[in-house]
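For reference, the structure is listed below as structure tokens.
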Amino acid sequence: MTSPAPHLEIRPEGLYAPAFDAWIDPHAPAPRAIVSHAHADHAAAGHGEVWATRETLGIYRRRNPDWIGEARPLAFGETARGIGAGLTLFPSGHILGSAQVRIEGAEGSVLYTGDFRRGFSRTATPAEAPPSDVLVTETTFGLPVFRFPARPSLEARLVAACRAAQEEGVIPILLAYALGKSQEAALVLAEAGIPTVLHGAAWKLLPEYEAAGFTFPLSRAYDSGPARPGEVLIVPPHCARTPVVRQVKKRRIAYLSGWALREASRAEHDAEILLPFSDHADFDELLAHAGQVAPRRVLTHHGYARDFARILSSRGVEAIPLAEGGERSAEDP
Ligand SMILES: [Zn+2]
């Protein structure tokens, strides 16, 4: 079949790399999967074989304790040989262990971003942008309305909001994804001397962060008791209307996500405070990444794929949304 990207076939089930007889971030269990990072929408349970960074494999195992497949760890920059092509992982700056996948051979080269972010991160290795013939880029925030403030200013706003709530005698509750955002928020608050209570879904992943050199001296698990005055409770967004949150009578909820730029997320999550703390590239970063990779063609997927492809085309860059079979929904992460 003809493909708009070298070394990749776009099939109804997702992206297939024939040189490695492997699927990239397949949604369903696959005999061999190349997994960009451990968020559930990229790391389905039950693969026969998983190729990923050591960190991603560690998180994958913790999230899928019954997994009996085979792990193939790949370091950043290490090249695995396939039939007529080499596969190399590059950091994507999204979460701990997250990678972009680059395949190069006689047909040319292709870079698949997975989820990525170019700005400062406390726990992710900074993204690289290796030049490639074709770029397959995520476009979660591929509209010009999505421009995030610099991370240091967001961190300062987070600390100030928590302190202000505590001075008023209310418990700050952060709605943050269990993998990535929760740990980053805990590190930010620990640096400010503010203790945190972590939901079990985030807490159980801490050993993987500790193995990577991060420490959480001011964090404890929610299982050891509800948050007390002076502590900050961090839970996944889906907990906003559950007893974990509602039993805290004097509370103030902050929502940490790129989607916090949408005023509607205030009502959706009962959040008083919106902090657009994102692990994804914003619109300008998407443009910058495409510029630096300098491909002859861009394939867009995830989120605003059609809009961002149109925007790139209007700037003279050949860009098309990945075939319908490869489309993902606009979910974060
Ligand atoms: Zn992700």
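As shown in the structure tokens, the chain order sets the letters A, B, ...; within each chain, residues go from 1, and ligands are also counted from 1 in the order they appear.
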
Worksheet entry | At most 10 Å from ligand 1 (only C-alpha atoms and all ligand atoms): residue list as number ranges by chain | A: 36-43, 94-95, 98, 114-117, 177, 179-180, 279-280, 331-333

Worksheet entry | Computed interatomic separation between atom CA of A:Ser224 and atom CA of A:Ala192 (Å) |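 Between atom CA of A:Ser224 and atom CA of A:Ala192 the gap works out to 22.5 Å.
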
Worksheet entry | Secondary structure check, alpha helix (DSSP H) residues of stretch 24-211 of chain A, as an NGL selection string | :A and (54-63 or 151-167 or 181-191 or 200-203 or 206-211)

Writing out the chosen residues with C-alpha atoms as a PDB file, in the first residue's frame:
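After the write, out.pdb holds the following:
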ATOM      1  CA  ARG A  54      13.301   1.932  30.646  1.00  0.00           C
ATOM      2  CA  GLU A  55      11.207   4.551  32.483  1.00  0.00           C
ATOM      3  CA  THR A  56       8.149   3.940  30.309  1.00  0.00           C
ATOM      4  CA  LEU A  57       8.496   0.192  30.781  1.00  0.00           C
ATOM      5  CA  GLY A  58       8.709   0.650  34.550  1.00  0.00           C
ATOM      6  CA  ILE A  59       5.523   2.721  34.636  1.00  0.00           C
ATOM      7  CA  TYR A  60       3.806   0.329  32.207  1.00  0.00           C
ATOM      8  CA  ARG A  61       4.529  -2.576  34.562  1.00  0.00           C
ATOM      9  CA  ARG A  62       3.182  -0.687  37.584  1.00  0.00           C
ATOM     10  CA  ARG A  63       0.002   0.189  35.738  1.00  0.00           C
ATOM     11  CA  ARG A 151       6.112  27.201  33.240  1.00  0.00           C
ATOM     12  CA  PRO A 152       7.959  29.242  35.956  1.00  0.00           C
ATOM     13  CA  SER A 153       5.111  31.773  36.098  1.00  0.00           C
ATOM     14  CA  LEU A 154       2.544  28.948  36.313  1.00  0.00           C
ATOM     15  CA  GLU A 155       4.523  27.320  39.111  1.00  0.00           C
ATOM     16  CA  ALA A 156       4.563  30.644  40.987  1.00  0.00           C
ATOM     17  CA  ARG A 157       0.791  30.985  40.519  1.00  0.00           C
ATOM     18  CA  LEU A 158       0.289  27.433  41.792  1.00  0.00           C
ATOM     19  CA  VAL A 159       2.308  28.046  44.959  1.00  0.00           C
ATOM     20  CA  ALA A 160       0.629  31.425  45.575  1.00  0.00           C
ATOM     21  CA  ALA A 161      -2.857  29.946  45.112  1.00  0.00           C
ATOM     22  CA  CYS A 162      -2.140  27.131  47.578  1.00  0.00           C
ATOM     23  CA  ARG A 163      -0.687  29.511  50.173  1.00  0.00           C
ATOM     24  CA  ALA A 164      -3.603  31.933  49.828  1.00  0.00           C
ATOM     25  CA  ALA A 165      -6.113  29.121  50.352  1.00  0.00           C
ATOM     26  CA  GLN A 166      -4.239  27.818  53.375  1.00  0.00           C
ATOM     27  CA  GLU A 167      -4.118  31.278  54.924  1.00  0.00           C
ATOM     28  CA  LYS A 181       1.139  16.310  36.289  1.00  0.00           C
ATOM     29  CA  SER A 182       0.604  15.069  39.849  1.00  0.00           C
ATOM     30  CA  GLN A 183       4.291  14.335  40.389  1.00  0.00           C
ATOM     31  CA  GLU A 184       5.354  17.664  38.861  1.00  0.00           C
ATOM     32  CA  ALA A 185       2.919  19.555  41.105  1.00  0.00           C
ATOM     33  CA  ALA A 186       4.179  17.670  44.166  1.00  0.00           C
ATOM     34  CA  LEU A 187       7.774  18.600  43.296  1.00  0.00           C
ATOM     35  CA  VAL A 188       6.874  22.268  42.790  1.00  0.00           C
ATOM     36  CA  LEU A 189       5.055  22.429  46.125  1.00  0.00           C
ATOM     37  CA  ALA A 190       7.794  20.519  47.966  1.00  0.00           C
ATOM     38  CA  GLU A 191      10.300  23.113  46.799  1.00  0.00           C
ATOM     39  CA  GLY A 200      -3.218   6.237  44.980  1.00  0.00           C
ATOM     40  CA  ALA A 201      -3.038   6.317  41.166  1.00  0.00           C
ATOM     41  CA  ALA A 202      -0.221   8.876  41.359  1.00  0.00           C
ATOM     42  CA  TRP A 203       1.341   7.543  44.553  1.00  0.00           C
ATOM     43  CA  LEU A 206       6.507   7.326  42.724  1.00  0.00           C
ATOM     44  CA  PRO A 207       9.045   4.453  42.840  1.00  0.00           C
ATOM     45  CA  GLU A 208       9.605   4.928  39.108  1.00  0.00           C
ATOM     46  CA  TYR A 209      10.247   8.637  39.663  1.00  0.00           C
ATOM     47  CA  GLU A 210      12.526   7.845  42.587  1.00  0.00           C
ATOM     48  CA  ALA A 211      14.464   5.390  40.421  1.00  0.00           C
TER      49      ALA A 211
END

Item to complete: For each of A:Gly316, A:Gly303, A:Gly193, A:Pro321, take the minimum atom-to-atom distance to A:Ile10, counting only C-alpha atoms, then give the residue where this is smallest.
Response: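 For A:Ile10, the nearest of the candidates is A:Pro321.
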
Practice prompt. Might you pull out every residue within 12 Å of A:Gly225, with only C-alpha atoms counted and same-chain residues fewer than 3 positions away left off, and present them as a ChimeraX atom specification?
Written response: /A:196-200,220-222,228,231,233,244,248

Please produce an output containing C-alpha atoms for each residue in the selection, written as a JSON list (two decimals), in the first residue's frame.
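See again_21.json below for the written result:
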[["chain", "number", "residue", "atom", "x", "y", "z"],
["A", 196, "THR", "CA", 1.08, 17.10, 49.55],
["A", 197, "VAL", "CA", -1.29, 14.15, 49.78],
["A", 198, "LEU", "CA", -1.37, 12.06, 46.61],
["A", 199, "HIS", "CA", -4.18, 9.92, 45.23],
["A", 200, "GLY", "CA", -3.22, 6.24, 44.98],
["A", 220, "ARG", "CA", 2.23, 11.01, 51.52],
["A", 221, "ALA", "CA", -0.45, 8.68, 50.20],
["A", 222, "TYR", "CA", -4.15, 9.46, 50.51],
["A", 228, "ARG", "CA", -5.30, 18.03, 56.87],
["A", 231, "GLU", "CA", -1.52, 20.03, 53.21],
["A", 233, "LEU", "CA", -4.56, 17.24, 48.12],
["A", 244, "VAL", "CA", -12.48, 12.06, 48.01],
["A", 248, "VAL", "CA", -13.27, 18.09, 52.29]]

Give the strand (DSSP E or B) residues of stretch 115-257 of chain A, as DSSP finds them on the backbone, and put them as a compact mmCIF listing (two decimals) with N, CA and C atoms, in the first residue's frame.
# COMPACT_ATOMS: atom_id res chain seq x y z
N VAL A 134 9.73 13.25 7.01
CA VAL A 134 8.30 13.37 7.31
C VAL A 134 8.14 13.46 8.83
N LEU A 135 7.28 14.36 9.26
CA LEU A 135 6.98 14.51 10.68
C LEU A 135 5.53 14.10 10.93
N VAL A 136 5.34 13.15 11.82
CA VAL A 136 3.98 12.79 12.26
C VAL A 136 3.82 13.45 13.62
N THR A 137 3.04 14.52 13.68
CA THR A 137 3.00 15.30 14.92
C THR A 137 1.64 15.24 15.59
N GLU A 138 1.65 15.20 16.90
CA GLU A 138 0.40 15.37 17.64
C GLU A 138 -0.03 16.82 17.52
N THR A 139 -1.33 17.07 17.60
CA THR A 139 -1.84 18.45 17.48
C THR A 139 -2.94 18.68 18.51
N ILE A 171 -8.58 23.94 52.35
CA ILE A 171 -7.61 22.97 51.82
C ILE A 171 -7.57 23.07 50.29
N PRO A 172 -6.40 23.35 49.73
CA PRO A 172 -6.31 23.37 48.26
C PRO A 172 -6.38 21.95 47.72
N ILE A 173 -7.16 21.78 46.66
CA ILE A 173 -7.24 20.48 45.99
C ILE A 173 -6.86 20.70 44.53
N LEU A 174 -5.84 19.98 44.10
CA LEU A 174 -5.40 20.11 42.71
C LEU A 174 -5.95 18.95 41.90
N LEU A 175 -6.59 19.27 40.78
CA LEU A 175 -7.01 18.23 39.84
C LEU A 175 -5.89 18.11 38.81
N THR A 196 2.15 17.53 50.45
CA THR A 196 1.08 17.10 49.55
C THR A 196 0.60 15.71 49.92
N VAL A 197 -0.68 15.46 49.62
CA VAL A 197 -1.29 14.15 49.78
C VAL A 197 -1.68 13.67 48.39
N LEU A 198 -1.16 12.52 47.99
CA LEU A 198 -1.37 12.06 46.61
C LEU A 198 -2.36 10.91 46.53
N SER A 219 5.59 14.37 50.50
CA SER A 219 4.36 13.76 50.00
C SER A 219 4.00 12.52 50.81
N ARG A 220 2.71 12.27 50.92
CA ARG A 220 2.23 11.01 51.52
C ARG A 220 1.02 10.54 50.73
N ALA A 221 0.66 9.27 50.96
CA ALA A 221 -0.45 8.68 50.20
C ALA A 221 -1.79 9.03 50.84
N VAL A 232 -1.80 19.94 50.81
CA VAL A 232 -2.49 20.12 49.54
C VAL A 232 -2.85 18.72 49.03
N LEU A 233 -4.11 18.54 48.65
CA LEU A 233 -4.56 17.24 48.12
C LEU A 233 -4.46 17.27 46.60
N ILE A 234 -3.81 16.24 46.03
CA ILE A 234 -3.69 16.14 44.56
C ILE A 234 -4.41 14.88 44.10
N VAL A 235 -5.42 15.06 43.23
CA VAL A 235 -6.21 13.91 42.75
C VAL A 235 -6.42 14.04 41.25
N ARG A 251 -12.77 23.65 51.04
CA ARG A 251 -11.84 23.29 49.96
C ARG A 251 -11.83 24.38 48.88
N ARG A 252 -10.74 24.40 48.13
CA ARG A 252 -10.68 25.23 46.92
C ARG A 252 -9.99 24.40 45.84
N ILE A 253 -10.70 24.23 44.73
CA ILE A 253 -10.23 23.33 43.68
C ILE A 253 -9.51 24.11 42.59
N ALA A 254 -8.34 23.62 42.22
CA ALA A 254 -7.60 24.18 41.07
C ALA A 254 -7.46 23.08 40.03
N TYR A 255 -7.67 23.43 38.78
CA TYR A 255 -7.58 22.47 37.67
C TYR A 255 -6.30 22.75 36.89
N LEU A 256 -5.44 21.74 36.83
CA LEU A 256 -4.14 21.89 36.17
C LEU A 256 -4.16 21.13 34.85

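One finds atom CA of A:Pro237 at 10.6 Å from atom CA of A:Ser265.
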
Worksheet item: Any idea what the distance is between atom CA of A:His7 and atom CA of A:Ala80?
Response: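 Distance reported for this atom pair: 14.0 Å.
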
Worksheet entry | All residues 12 Å or closer to A:Leu312, only C-alpha atoms, same chain fewer than 2 positions away omitted, as a PyMOL selection string | chain A and resi 137+139+142-144+283-284+286-291+295-300+305-310+314-321

Fill in: Selected residue of minimal separation from A:Asp21 among A:Gly93, A:Gly69, A:Pro217, A:Gly84, counting only C-alpha atoms
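Of all the options, A:Gly84 lies closest to A:Asp21.
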
Item to complete: Tell me which of A:Arg118, A:Gly97, A:Asp66, A:Ala52 sits closest to A:Ala281, counting only C-alpha atoms.
Response: A:Arg118

Worksheet item: Leaving out A:Gly105 and any residue of its chain fewer than 2 positions from it, which residues lie within 10 Å of it when counting only C-alpha atoms, given as a ChimeraX atom specification?
Response: /A:6-7,19,81-87,103,107-110
